[in-house]
file upload.txt (compact mmCIF, C-alpha atoms and all ligand atoms)
# COMPACT_ATOMS: atom_id res chain seq x y z
CA MET G 603 -20.03 -1.62 16.98
CA LYS G 604 -18.45 -2.26 13.57
CA ASN G 605 -14.83 -3.39 13.35
CA VAL G 606 -12.35 -2.02 10.81
CA LEU G 607 -8.83 -3.28 10.07
CA THR G 608 -5.99 -1.23 8.63
CA ILE G 609 -3.09 -2.99 6.91
CA ALA G 610 -0.48 -0.24 6.55
CA GLY G 611 2.77 1.30 7.71
CA SER G 612 3.41 3.00 11.03
CA ASP G 613 4.08 6.77 10.95
CA SER G 614 6.06 7.74 14.05
CA CYS G 615 4.72 11.31 14.04
CA GLY G 616 1.11 10.09 14.02
CA GLY G 617 -0.23 12.07 11.05
CA ALA G 618 -0.45 9.34 8.41
CA GLY G 619 -0.34 5.54 8.18
CA ILE G 620 -1.68 3.23 10.88
CA GLN G 621 -1.93 6.08 13.40
CA ALA G 622 -4.13 8.26 11.16
CA ASP G 623 -6.25 5.25 10.27
CA LEU G 624 -6.93 4.26 13.88
CA LYS G 625 -7.78 7.85 14.85
CA THR G 626 -10.20 8.05 11.94
CA PHE G 627 -11.87 4.73 12.81
CA SER G 628 -12.33 5.88 16.42
CA ALA G 629 -13.61 9.33 15.48
CA LEU G 630 -16.21 7.69 13.23
CA GLY G 631 -17.52 5.34 15.92
CA THR G 632 -15.91 2.11 14.73
CA TYR G 633 -13.48 -0.26 16.46
CA GLY G 634 -10.02 -0.06 14.88
CA MET G 635 -7.50 -2.89 14.46
CA SER G 636 -4.12 -2.97 12.71
CA ALA G 637 -1.67 -5.16 10.83
CA ILE G 638 1.61 -3.29 10.40
CA THR G 639 3.57 -3.78 7.15
CA ALA G 640 6.50 -1.44 7.86
CA VAL G 641 7.78 0.93 10.52
CA THR G 642 8.75 4.38 9.29
CA ALA G 643 10.70 7.07 11.09
CA GLN G 644 9.10 10.29 9.90
CA ASN G 645 7.98 13.67 11.09
CA THR G 646 6.25 16.69 9.58
CA THR G 647 9.34 17.47 7.48
CA GLY G 648 9.83 14.08 5.85
CA VAL G 649 10.47 10.34 6.00
CA PHE G 650 13.91 9.38 7.35
CA MET G 651 13.86 5.59 7.56
CA VAL G 652 11.70 2.60 6.60
CA LYS G 653 11.96 -0.92 8.00
CA GLU G 654 9.71 -3.49 6.32
CA LEU G 655 8.30 -6.29 8.42
CA ASP G 656 8.84 -9.87 7.27
CA VAL G 657 5.91 -11.55 5.51
CA GLU G 658 5.32 -14.09 8.31
CA THR G 659 4.71 -11.24 10.75
CA VAL G 660 2.37 -9.47 8.32
CA ALA G 661 0.40 -12.67 7.67
CA ALA G 662 0.22 -13.60 11.37
CA GLN G 663 -1.30 -10.22 12.29
CA ILE G 664 -3.97 -10.44 9.58
CA ASN G 665 -4.81 -14.09 10.23
CA CYS G 666 -5.15 -13.85 13.98
CA ILE G 667 -7.54 -10.92 13.65
CA TYR G 668 -9.77 -12.67 11.07
CA ASP G 669 -9.66 -15.93 13.07
CA ASP G 670 -11.12 -14.23 16.13
CA ILE G 671 -13.01 -11.02 15.31
CA GLU G 672 -15.51 -10.11 12.59
CA VAL G 673 -13.95 -7.55 10.24
CA HIS G 674 -16.59 -5.34 8.61
CA ALA G 675 -14.14 -3.44 6.39
CA VAL G 676 -10.41 -3.35 5.68
CA LYS G 677 -8.25 -0.50 4.47
CA ILE G 678 -4.90 -1.22 2.84
CA GLY G 679 -2.29 1.57 2.82
CA MET G 680 1.52 1.37 2.56
CA VAL G 681 2.42 -2.14 1.38
CA SER G 682 6.08 -1.58 0.50
CA SER G 683 7.10 -4.75 -1.44
CA SER G 684 5.80 -7.38 -3.86
CA GLU G 685 6.22 -10.10 -1.21
CA ILE G 686 4.10 -8.18 1.31
CA ILE G 687 1.47 -7.46 -1.35
CA GLU G 688 1.22 -11.14 -2.33
CA THR G 689 0.95 -12.13 1.34
CA ILE G 690 -1.84 -9.63 1.99
CA GLY G 691 -3.71 -10.76 -1.12
CA ARG G 692 -3.48 -14.42 -0.13
CA CYS G 693 -4.62 -13.78 3.46
CA LEU G 694 -7.58 -11.61 2.45
CA MET G 695 -8.74 -14.14 -0.16
CA GLU G 696 -8.48 -17.05 2.31
CA LYS G 697 -10.44 -15.11 4.92
CA GLY G 698 -13.13 -13.92 2.50
CA ALA G 699 -12.49 -10.27 3.38
CA ARG G 700 -15.16 -7.75 2.37
CA ASN G 701 -15.37 -3.98 1.98
CA ILE G 702 -11.75 -3.72 0.86
CA VAL G 703 -10.45 -0.14 0.41
CA VAL G 704 -7.07 0.05 -1.33
CA ASP G 705 -5.13 3.31 -0.99
CA PRO G 706 -2.24 2.71 -3.42
CA VAL G 707 0.34 4.62 -1.39
CA MET G 708 3.46 5.12 -3.53
CA VAL G 709 5.37 8.29 -2.57
CA SER G 710 4.96 10.53 0.49
CA LYS G 711 4.28 14.25 0.00
CA SER G 712 7.90 14.73 1.07
CA LYS G 713 8.86 12.57 -1.98
CA TYR G 714 10.03 9.42 -0.17
CA LYS G 715 9.24 6.16 -2.02
CA LEU G 716 6.94 4.15 0.27
CA LEU G 717 6.31 1.48 -2.41
CA ARG G 718 9.33 -0.16 -4.08
CA PRO G 719 9.05 0.83 -7.76
CA GLU G 720 9.20 -2.84 -8.85
CA ALA G 721 6.21 -3.64 -6.57
CA CYS G 722 3.76 -1.46 -8.52
CA ALA G 723 3.00 -4.35 -10.90
CA ALA G 724 2.12 -6.63 -7.97
CA LEU G 725 -0.15 -3.96 -6.52
CA VAL G 726 -2.02 -3.79 -9.83
CA LYS G 727 -2.16 -7.55 -10.31
CA VAL G 728 -2.99 -8.65 -6.76
CA LEU G 729 -4.69 -5.80 -4.89
CA LEU G 730 -6.70 -3.89 -7.50
CA PRO G 731 -8.88 -6.89 -8.45
CA LEU G 732 -9.67 -7.44 -4.75
CA ALA G 733 -10.62 -3.81 -4.12
CA ASP G 734 -14.17 -2.62 -3.58
CA VAL G 735 -12.64 0.79 -4.11
CA VAL G 736 -9.17 2.09 -4.95
CA THR G 737 -8.25 5.69 -4.04
CA PRO G 738 -5.19 6.99 -5.95
CA ASN G 739 -4.10 10.61 -5.70
CA ILE G 740 -3.05 12.36 -8.93
CA PRO G 741 0.61 11.19 -9.01
CA GLU G 742 -0.47 7.62 -8.14
CA ALA G 743 -3.14 7.63 -10.85
CA GLU G 744 -0.55 8.98 -13.32
CA GLU G 745 1.79 6.12 -12.43
CA LEU G 746 -1.02 3.56 -12.84
CA ILE G 747 -2.12 4.83 -16.27
CA LYS G 748 1.37 5.92 -17.38
CA GLY G 749 -0.04 9.29 -18.44
CA SER G 750 -0.47 12.81 -17.11
CA ILE G 751 -3.53 14.30 -15.41
CA GLY G 752 -4.16 18.06 -15.32
CA THR G 753 -7.95 18.50 -15.40
CA VAL G 754 -11.15 16.92 -14.09
CA GLU G 755 -11.73 15.48 -17.58
CA ASP G 756 -8.29 13.80 -17.34
CA MET G 757 -9.29 12.45 -13.90
CA LYS G 758 -12.45 10.90 -15.39
CA GLN G 759 -10.43 9.23 -18.17
CA ALA G 760 -7.91 7.92 -15.62
CA ALA G 761 -10.79 6.53 -13.52
CA ARG G 762 -12.04 4.59 -16.58
CA GLU G 763 -8.58 3.18 -17.27
CA ILE G 764 -7.98 2.16 -13.65
CA TYR G 765 -11.47 0.63 -13.44
CA ASP G 766 -10.39 -1.71 -16.26
CA MET G 767 -7.61 -3.01 -13.95
CA GLY G 768 -10.24 -4.75 -11.80
CA PRO G 769 -11.51 -2.74 -8.81
CA LYS G 770 -15.28 -2.35 -8.33
CA ASN G 771 -14.97 1.42 -7.86
CA VAL G 772 -12.26 4.03 -8.47
CA ILE G 773 -11.84 7.39 -6.74
CA ILE G 774 -9.28 9.79 -8.17
CA LYS G 775 -8.45 12.35 -5.46
CA GLY G 776 -7.89 15.88 -6.65
CA GLY G 777 -5.84 17.14 -3.71
CA HIS G 778 -2.78 17.71 -5.91
CA LEU G 779 -4.54 19.89 -8.52
CA ALA G 780 -5.29 23.62 -8.17
CA GLY G 781 -8.72 25.14 -7.52
CA ASP G 782 -11.52 23.42 -5.56
CA ALA G 783 -10.66 19.99 -4.11
CA VAL G 784 -12.58 17.78 -6.54
CA ASP G 785 -12.60 13.97 -6.28
CA VAL G 786 -14.06 11.71 -8.97
CA LEU G 787 -15.84 8.39 -8.21
CA TYR G 788 -16.43 5.89 -11.04
CA ASP G 789 -18.30 2.61 -10.61
CA GLY G 790 -18.08 1.42 -14.22
CA ARG G 791 -21.29 3.21 -15.20
CA ARG G 792 -21.51 6.63 -13.57
CA MET G 793 -19.03 9.39 -12.73
CA VAL G 794 -19.86 11.23 -9.50
CA LEU G 795 -17.96 14.41 -8.54
CA PHE G 796 -17.36 15.33 -4.89
CA GLU G 797 -16.42 18.97 -4.65
CA GLY G 798 -15.02 20.67 -1.58
CA PRO G 799 -13.44 24.06 -1.00
CA ARG G 800 -9.63 24.09 -1.20
CA ILE G 801 -8.40 24.98 2.28
CA ALA G 802 -5.31 27.17 2.30
CA THR G 803 -3.02 25.29 4.68
CA ARG G 804 0.26 23.44 4.49
CA ASN G 805 -0.90 21.05 7.20
CA THR G 806 -2.08 18.23 4.97
CA HIS G 807 0.08 15.36 6.22
CA GLY G 808 -1.97 12.17 6.07
CA THR G 809 -4.96 13.47 4.11
CA GLY G 810 -5.05 10.44 1.81
CA CYS G 811 -4.76 7.94 4.68
CA THR G 812 -7.51 9.72 6.58
CA PHE G 813 -9.84 9.87 3.56
CA SER G 814 -9.49 6.17 2.67
CA SER G 815 -9.91 5.14 6.33
CA ALA G 816 -13.05 7.23 6.60
CA ILE G 817 -14.47 5.48 3.53
CA ALA G 818 -13.67 2.09 5.15
CA ALA G 819 -15.33 3.15 8.42
CA TYR G 820 -18.50 4.29 6.64
CA LEU G 821 -18.63 1.10 4.53
CA ALA G 822 -18.31 -0.92 7.76
CA ARG G 823 -21.24 1.06 9.15
CA GLY G 824 -23.34 -0.03 6.18
CA TYR G 825 -23.22 3.04 3.94
CA ALA G 826 -23.43 2.41 0.17
CA MET G 827 -20.27 3.40 -1.76
CA LYS G 828 -21.47 6.82 -2.97
CA GLU G 829 -22.77 7.77 0.48
CA ALA G 830 -19.58 6.49 2.16
CA VAL G 831 -17.42 8.62 -0.14
CA GLY G 832 -19.64 11.69 0.40
CA ALA G 833 -19.46 11.31 4.19
CA ALA G 834 -15.67 10.69 4.04
CA LYS G 835 -15.24 13.84 1.95
CA GLU G 836 -17.06 15.88 4.63
CA TYR G 837 -14.87 14.27 7.30
CA ILE G 838 -11.57 15.02 5.55
CA THR G 839 -12.63 18.58 4.71
CA THR G 840 -13.38 19.30 8.39
CA ALA G 841 -10.16 17.52 9.48
CA ILE G 842 -8.10 19.70 7.08
CA ALA G 843 -9.98 22.89 8.00
CA HIS G 844 -8.93 22.37 11.64
CA SER G 845 -5.54 20.79 10.95
CA LEU G 846 -2.76 21.20 13.48
CA ALA G 847 0.30 23.41 12.99
CA LEU G 848 2.63 20.90 14.66
CA GLY G 849 6.33 20.65 13.82
CA ARG G 850 8.33 22.55 11.23
CA GLY G 851 6.73 21.03 8.13
CA ALA G 852 3.32 19.76 7.02
CA GLY G 853 1.28 19.23 10.19
CA PRO G 854 -1.46 16.59 10.57
CA THR G 855 -5.22 16.79 10.16
CA HIS G 856 -7.49 17.05 13.24
CA HIS G 857 -9.60 13.92 13.69
CA PHE G 858 -11.55 14.85 16.76
CA TYR G 859 -12.47 18.48 16.04
CA SER G 860 -16.23 17.90 15.96
CA LEU G 861 -16.19 15.65 19.04
CA TYR G 862 -13.95 18.00 21.05
CA LYS G 863 -16.07 20.97 20.03
CA LYS G 864 -19.26 19.24 21.18
CA ALA G 865 -17.56 18.30 24.47
CA GLY G 866 -16.58 21.95 25.07
CA LEU G 867 -12.87 21.14 24.84
CA ILE G 868 -12.18 23.70 22.09
CA HIS G 869 -12.39 27.44 22.81
CA GLU G 870 -11.99 29.60 19.71
N1 LIG Q 901 -5.98 21.78 0.71
C1 LIG Q 901 -7.06 20.99 0.65
N2 LIG Q 901 -8.28 21.47 0.91
C2 LIG Q 901 -9.37 20.67 0.87
N3 LIG Q 901 -9.34 19.37 0.57
C3 LIG Q 901 -8.14 18.82 0.30
C4 LIG Q 901 -6.94 19.59 0.32
N4 LIG Q 901 -5.89 18.75 0.03
C5 LIG Q 901 -6.42 17.53 -0.16
N5 LIG Q 901 -7.78 17.56 -0.02
C6 LIG Q 901 -8.69 16.42 -0.10
O1 LIG Q 901 -8.15 15.42 0.78
C7 LIG Q 901 -8.40 14.12 0.24
C8 LIG Q 901 -7.07 13.41 0.05
O2 LIG Q 901 -6.49 13.87 -1.17
P1 LIG Q 901 -4.95 14.00 -1.47
O3 LIG Q 901 -4.35 15.02 -0.56
O4 LIG Q 901 -4.84 14.24 -2.93
O5 LIG Q 901 -4.41 12.57 -1.07
P2 LIG Q 901 -2.93 12.08 -0.74
O6 LIG Q 901 -2.67 12.40 0.71
O7 LIG Q 901 -3.01 10.60 -1.00
O8 LIG Q 901 -1.99 12.80 -1.65
C9 LIG Q 901 -9.21 14.35 -1.03
O9 LIG Q 901 -10.59 14.32 -0.70
C10 LIG Q 901 -8.79 15.75 -1.45
O10 LIG Q 901 -9.73 16.37 -2.29
C1 LIG Q 902 3.36 5.06 6.95
C2 LIG Q 902 2.83 6.00 5.93
N1 LIG Q 902 1.81 5.62 5.14
C3 LIG Q 902 1.33 6.48 4.20
C4 LIG Q 902 1.86 7.74 4.06
C5 LIG Q 902 1.35 8.67 3.02
O1 LIG Q 902 0.34 9.40 3.58
P1 LIG Q 902 -0.67 10.29 2.73
O2 LIG Q 902 -1.93 10.37 3.46
O3 LIG Q 902 -0.75 9.77 1.32
O4 LIG Q 902 -0.02 11.70 2.66
P2 LIG Q 902 1.37 12.29 3.12
O5 LIG Q 902 1.73 11.79 4.46
O6 LIG Q 902 2.35 11.89 2.10
O7 LIG Q 902 1.12 13.75 3.20
C6 LIG Q 902 2.89 8.12 4.91
N2 LIG Q 902 3.45 9.34 4.84
N3 LIG Q 902 3.37 7.23 5.84

call {"tool": "encode", "arguments": {"input": "upload.txt", "output": "structure tokens", "more": "lines below"}}
Ligand SMILES: Nc1ncnc2c1ncn2[C@@H]1O[C@H](COP(=O)(O)OP(=O)(O)O)[C@@H](O)[C@H]1O
Ligand SMILES: Cc1ncc(COP(=O)(O)OP(=O)(O)O)c(N)n1
result
Amino acid sequence: MKNVLTIAGSDSCGGAGIQADLKTFSALGTYGMSAITAVTAQNTTGVFMVKELDVETVAAQINCIYDDIEVHAVKIGMVSSSEIIETIGRCLMEKGARNIVVDPVMVSKSKYKLLRPEACAALVKVLLPLADVVTPNIPEAEELIKGSIGTVEDMKQAAREIYDMGPKNVIIKGGHLAGDAVDVLYDGRRMVLFEGPRIATRNTHGTGCTFSSAIAAYLARGYAMKEAVGAAKEYITTAIAHSLALGRGAGPTHHFYSLYKKAGLIHE
């Protein structure tokens, strides 16, 4: 069994954040662990409250996991503040963390700021150079490059610019553009496009969290980067295709569709 750690915020409605990450790790046959950075009160209609944890609590969670259990991959999601970012960076460096997936969560789909605007510089300075892969969506990539992205060619140019900030690989996710759901992976030499059908649903809460966690799980299982991203793309596409119409807003993706189907628990 491979062990995967998520360092992220808690989403009370279970569609994004730590909860989505742990479901993804389990669905992909890995053992999931968590270090919580913030507790959010949110549901399918939006985010209503955020309480950051203090840096001692964040550091203690990370350190006691690394001191006791082998961590084969780590995914970083909502990090909230510069202080938390610096703490995470220091802990991961001290512990020699590997297979680091950074999802630079900035704003929820419901437009709530999950990263303090002044902390973006710390994210770039501390976390991007540590990342084996960074996975911005279109608005996050636009914020990182301070430019606008409207086409796949723009996504490729953004990937080049973000690569120069220090990560080993960059994936620009195309979920926020129109047409097919195209993601671009750049490793400093080659651009690889991952193309999936755009699924017509409003139930896309937590898609980015799920995708980055799936990449971490596959890296932990020993997949090379390109293969891990390809497998994660298949996973997120299936999870969106069978997403759940829960609540009054954007419902969550379905992590266990394939497993439930095989077990005869789903009757369509
Ligand atoms: N409606 C959709 N149909 C198919 N794939 C989608 C859809 N929306 C997002 N995706 C895919 O989900 C993954 C997460 O992308 P995105 O939704 O842009 O992230 P975020 O949640 O960070 O905004 C990407 O692989 C993207 O292509
Ligand atoms: C606690 C927490 N972390 C991250 C997010 C953002 O999730 P994401 O997968 O980027 O997509 P949306 O939830 O915004 O649809 C979050 N909402 N909460």

call {"tool": "axis_aligned_box", "arguments": {"input": "upload.txt", "around": "ligand LIG 902 (chain Q)", "padding_each_side": "5 Å", "output": "JSON"}}
result
{"center_x": 0.8, "center_y": 9.4, "center_z": 4.1, "size_x": 15.4, "size_y": 18.7, "size_z": 15.6}

call {"tool": "atom_distance", "arguments": {"input": "upload.txt", "atom1": "atom O3 of ligand LIG 902 (chain Q)", "atom2": "atom CA of Met708 of chain G"}}
result
7.9 Å

call {"tool": "closest_atom_pairs", "arguments": {"input": "upload.txt", "of": "chain G", "to": "ligand LIG 901 (chain Q)", "cutoff": "7 Å", "atoms": "all atoms listed in the file", "output": "JSON lines"}}
result
{"residue": "G:Val707", "atom": "CA", "partner": "Q:LIG901", "partner_atom": "O7", "distance": 6.9}
{"residue": "G:Lys711", "atom": "CA", "partner": "Q:LIG901", "partner_atom": "O8", "distance": 6.6}
{"residue": "G:Pro738", "atom": "CA", "partner": "Q:LIG901", "partner_atom": "O7", "distance": 6.5}
{"residue": "G:Asn739", "atom": "CA", "partner": "Q:LIG901", "partner_atom": "O4", "distance": 4.6}
{"residue": "G:Ile740", "atom": "CA", "partner": "Q:LIG901", "partner_atom": "O4", "distance": 6.5}
{"residue": "G:Lys775", "atom": "CA", "partner": "Q:LIG901", "partner_atom": "O4", "distance": 4.8}
{"residue": "G:Gly776", "atom": "CA", "partner": "Q:LIG901", "partner_atom": "O10", "distance": 4.8}
{"residue": "G:Gly777", "atom": "CA", "partner": "Q:LIG901", "partner_atom": "O4", "distance": 3.2}
{"residue": "G:His778", "atom": "CA", "partner": "Q:LIG901", "partner_atom": "O4", "distance": 5.0}
{"residue": "G:Ala783", "atom": "CA", "partner": "Q:LIG901", "partner_atom": "O10", "distance": 4.2}
{"residue": "G:Val784", "atom": "CA", "partner": "Q:LIG901", "partner_atom": "O10", "distance": 5.3}
{"residue": "G:Asp785", "atom": "CA", "partner": "Q:LIG901", "partner_atom": "O10", "distance": 5.5}
{"residue": "G:Gly798", "atom": "CA", "partner": "Q:LIG901", "partner_atom": "C2", "distance": 6.2}
{"residue": "G:Pro799", "atom": "CA", "partner": "Q:LIG901", "partner_atom": "C2", "distance": 5.6}
{"residue": "G:Arg800", "atom": "CA", "partner": "Q:LIG901", "partner_atom": "N2", "distance": 3.6}
{"residue": "G:Ile801", "atom": "CA", "partner": "Q:LIG901", "partner_atom": "N2", "distance": 3.8}
{"residue": "G:Ala802", "atom": "CA", "partner": "Q:LIG901", "partner_atom": "N1", "distance": 5.7}
{"residue": "G:Thr803", "atom": "CA", "partner": "Q:LIG901", "partner_atom": "N1", "distance": 6.1}
{"residue": "G:Thr806", "atom": "CA", "partner": "Q:LIG901", "partner_atom": "N4", "distance": 6.3}
{"residue": "G:His807", "atom": "CA", "partner": "Q:LIG901", "partner_atom": "O6", "distance": 6.8}
{"residue": "G:Gly808", "atom": "CA", "partner": "Q:LIG901", "partner_atom": "O6", "distance": 5.4}
{"residue": "G:Thr809", "atom": "CA", "partner": "Q:LIG901", "partner_atom": "O6", "distance": 4.2}
{"residue": "G:Gly810", "atom": "CA", "partner": "Q:LIG901", "partner_atom": "O6", "distance": 3.3}
{"residue": "G:Cys811", "atom": "CA", "partner": "Q:LIG901", "partner_atom": "O6", "distance": 6.3}
{"residue": "G:Phe813", "atom": "CA", "partner": "Q:LIG901", "partner_atom": "C7", "distance": 5.6}
{"residue": "G:Lys835", "atom": "CA", "partner": "Q:LIG901", "partner_atom": "O9", "distance": 5.4}
{"residue": "G:Ile838", "atom": "CA", "partner": "Q:LIG901", "partner_atom": "O1", "distance": 5.9}
{"residue": "G:Thr839", "atom": "CA", "partner": "Q:LIG901", "partner_atom": "N3", "distance": 5.3}
{"residue": "G:Ile842", "atom": "CA", "partner": "Q:LIG901", "partner_atom": "C2", "distance": 6.4}

call {"tool": "residues_near_ligand", "arguments": {"input": "upload.txt", "ligand": "ligand LIG 902 (chain Q)", "cutoff": "9 Å", "atoms": "only C-alpha atoms and all ligand atoms", "output": "ChimeraX atom specification"}}
result
/G:610-614,616-622,639-646,648-649,652,679-681,705-714,716,738-739,805-814,852-854

call {"tool": "atom_distance", "arguments": {"input": "upload.txt", "atom1": "atom CA of Leu821 of chain G", "atom2": "atom CA of Phe796 of chain G"}}
result
17.1 Å

call {"tool": "atom_distance", "arguments": {"input": "upload.txt", "atom1": "atom CA of Ile868 of chain G", "atom2": "atom CA of Ser845 of chain G"}}
result
13.3 Å

call {"tool": "closest_residue", "arguments": {"input": "upload.txt", "among": "G:Met651, G:Leu848, G:Asn665, G:Leu730", "to": "Lys715 of chain G", "atoms": "only C-alpha atoms"}}
result
G:Met651

call {"tool": "closest_atom_pairs", "arguments": {"input": "upload.txt", "of": "segment 657-734 of chain G", "to": "segment 760-772 of chain G", "cutoff": "10 Å", "atoms": "only C-alpha atoms", "output": "CSV"}}
result
residue,atom,partner,partner_atom,distance
G:Ile702,CA,G:Pro769,CA,9.7
G:Val703,CA,G:Asn771,CA,9.6
G:Val704,CA,G:Pro769,CA,9.1
G:Val726,CA,G:Met767,CA,7.0
G:Lys727,CA,G:Met767,CA,8.0
G:Val728,CA,G:Gly768,CA,9.7
G:Leu729,CA,G:Pro769,CA,8.4
G:Leu730,CA,G:Pro769,CA,5.1
G:Pro731,CA,G:Gly768,CA,4.2
G:Leu732,CA,G:Pro769,CA,6.5
G:Ala733,CA,G:Pro769,CA,4.9
G:Asp734,CA,G:Lys770,CA,4.9

call {"tool": "write_last_selection", "arguments": {"input": "upload.txt", "atoms": "C-alpha atoms", "output": "PDB file, in the frame of the given file"}}
result
ATOM      1  CA  ILE G 702     -11.750  -3.720   0.860  1.00  0.00           C
ATOM      2  CA  VAL G 703     -10.450  -0.140   0.410  1.00  0.00           C
ATOM      3  CA  VAL G 704      -7.070   0.050  -1.330  1.00  0.00           C
ATOM      4  CA  VAL G 726      -2.020  -3.790  -9.830  1.00  0.00           C
ATOM      5  CA  LYS G 727      -2.160  -7.550 -10.310  1.00  0.00           C
ATOM      6  CA  VAL G 728      -2.990  -8.650  -6.760  1.00  0.00           C
ATOM      7  CA  LEU G 729      -4.690  -5.800  -4.890  1.00  0.00           C
ATOM      8  CA  LEU G 730      -6.700  -3.890  -7.500  1.00  0.00           C
ATOM      9  CA  PRO G 731      -8.880  -6.890  -8.450  1.00  0.00           C
ATOM     10  CA  LEU G 732      -9.670  -7.440  -4.750  1.00  0.00           C
ATOM     11  CA  ALA G 733     -10.620  -3.810  -4.120  1.00  0.00           C
ATOM     12  CA  ASP G 734     -14.170  -2.620  -3.580  1.00  0.00           C
TER      13      ASP G 734
END

call {"tool": "residues_around", "arguments": {"input": "upload.txt", "residues": "Asp670 of chain G", "least_positions_apart": "5", "cutoff": "12 Å", "atoms": "all atoms listed in the file", "output": "ChimeraX atom specification"}}
result
/G:605,663-665,697

call {"tool": "residues_around", "arguments": {"input": "upload.txt", "residues": "Gly698 of chain G", "least_positions_apart": "3", "cutoff": "12 Å", "atoms": "only C-alpha atoms", "output": "ChimeraX atom specification"}}
result
/G:665,668-669,672-676,691-695,701-702,732

call {"tool": "residues_near_point", "arguments": {"input": "upload.txt", "point": "(-19.4, 6.0, -1.2)", "cutoff": "12 Å", "atoms": "all atoms listed in the file", "output": "MDAnalysis selection string"}}
result
chainID G and resid 701 703 734:737 770:773 785:789 794:796 813:814 816:836

call {"tool": "closest_residue", "arguments": {"input": "upload.txt", "among": "G:Ile687, G:Val657, G:Leu630, G:Cys615", "to": "Ala724 of chain G", "atoms": "all atoms listed in the file"}}
result
G:Ile687

call {"tool": "residues_around", "arguments": {"input": "upload.txt", "residues": "segment 632-636 of chain G", "least_positions_apart": "4", "cutoff": "7 Å", "atoms": "all atoms listed in the file", "output": "list in words"}}
result
Met603, Lys604, Asn605, Val606, Leu607, Thr608, Ile609, Ile620, Leu624, Phe627, Ser628 and Ala819 of chain G

call {"tool": "closest_residue", "arguments": {"input": "upload.txt", "among": "G:His856, G:Ile747, G:Ala629, G:Ala637", "to": "His844 of chain G", "atoms": "only C-alpha atoms"}}
result
G:His856
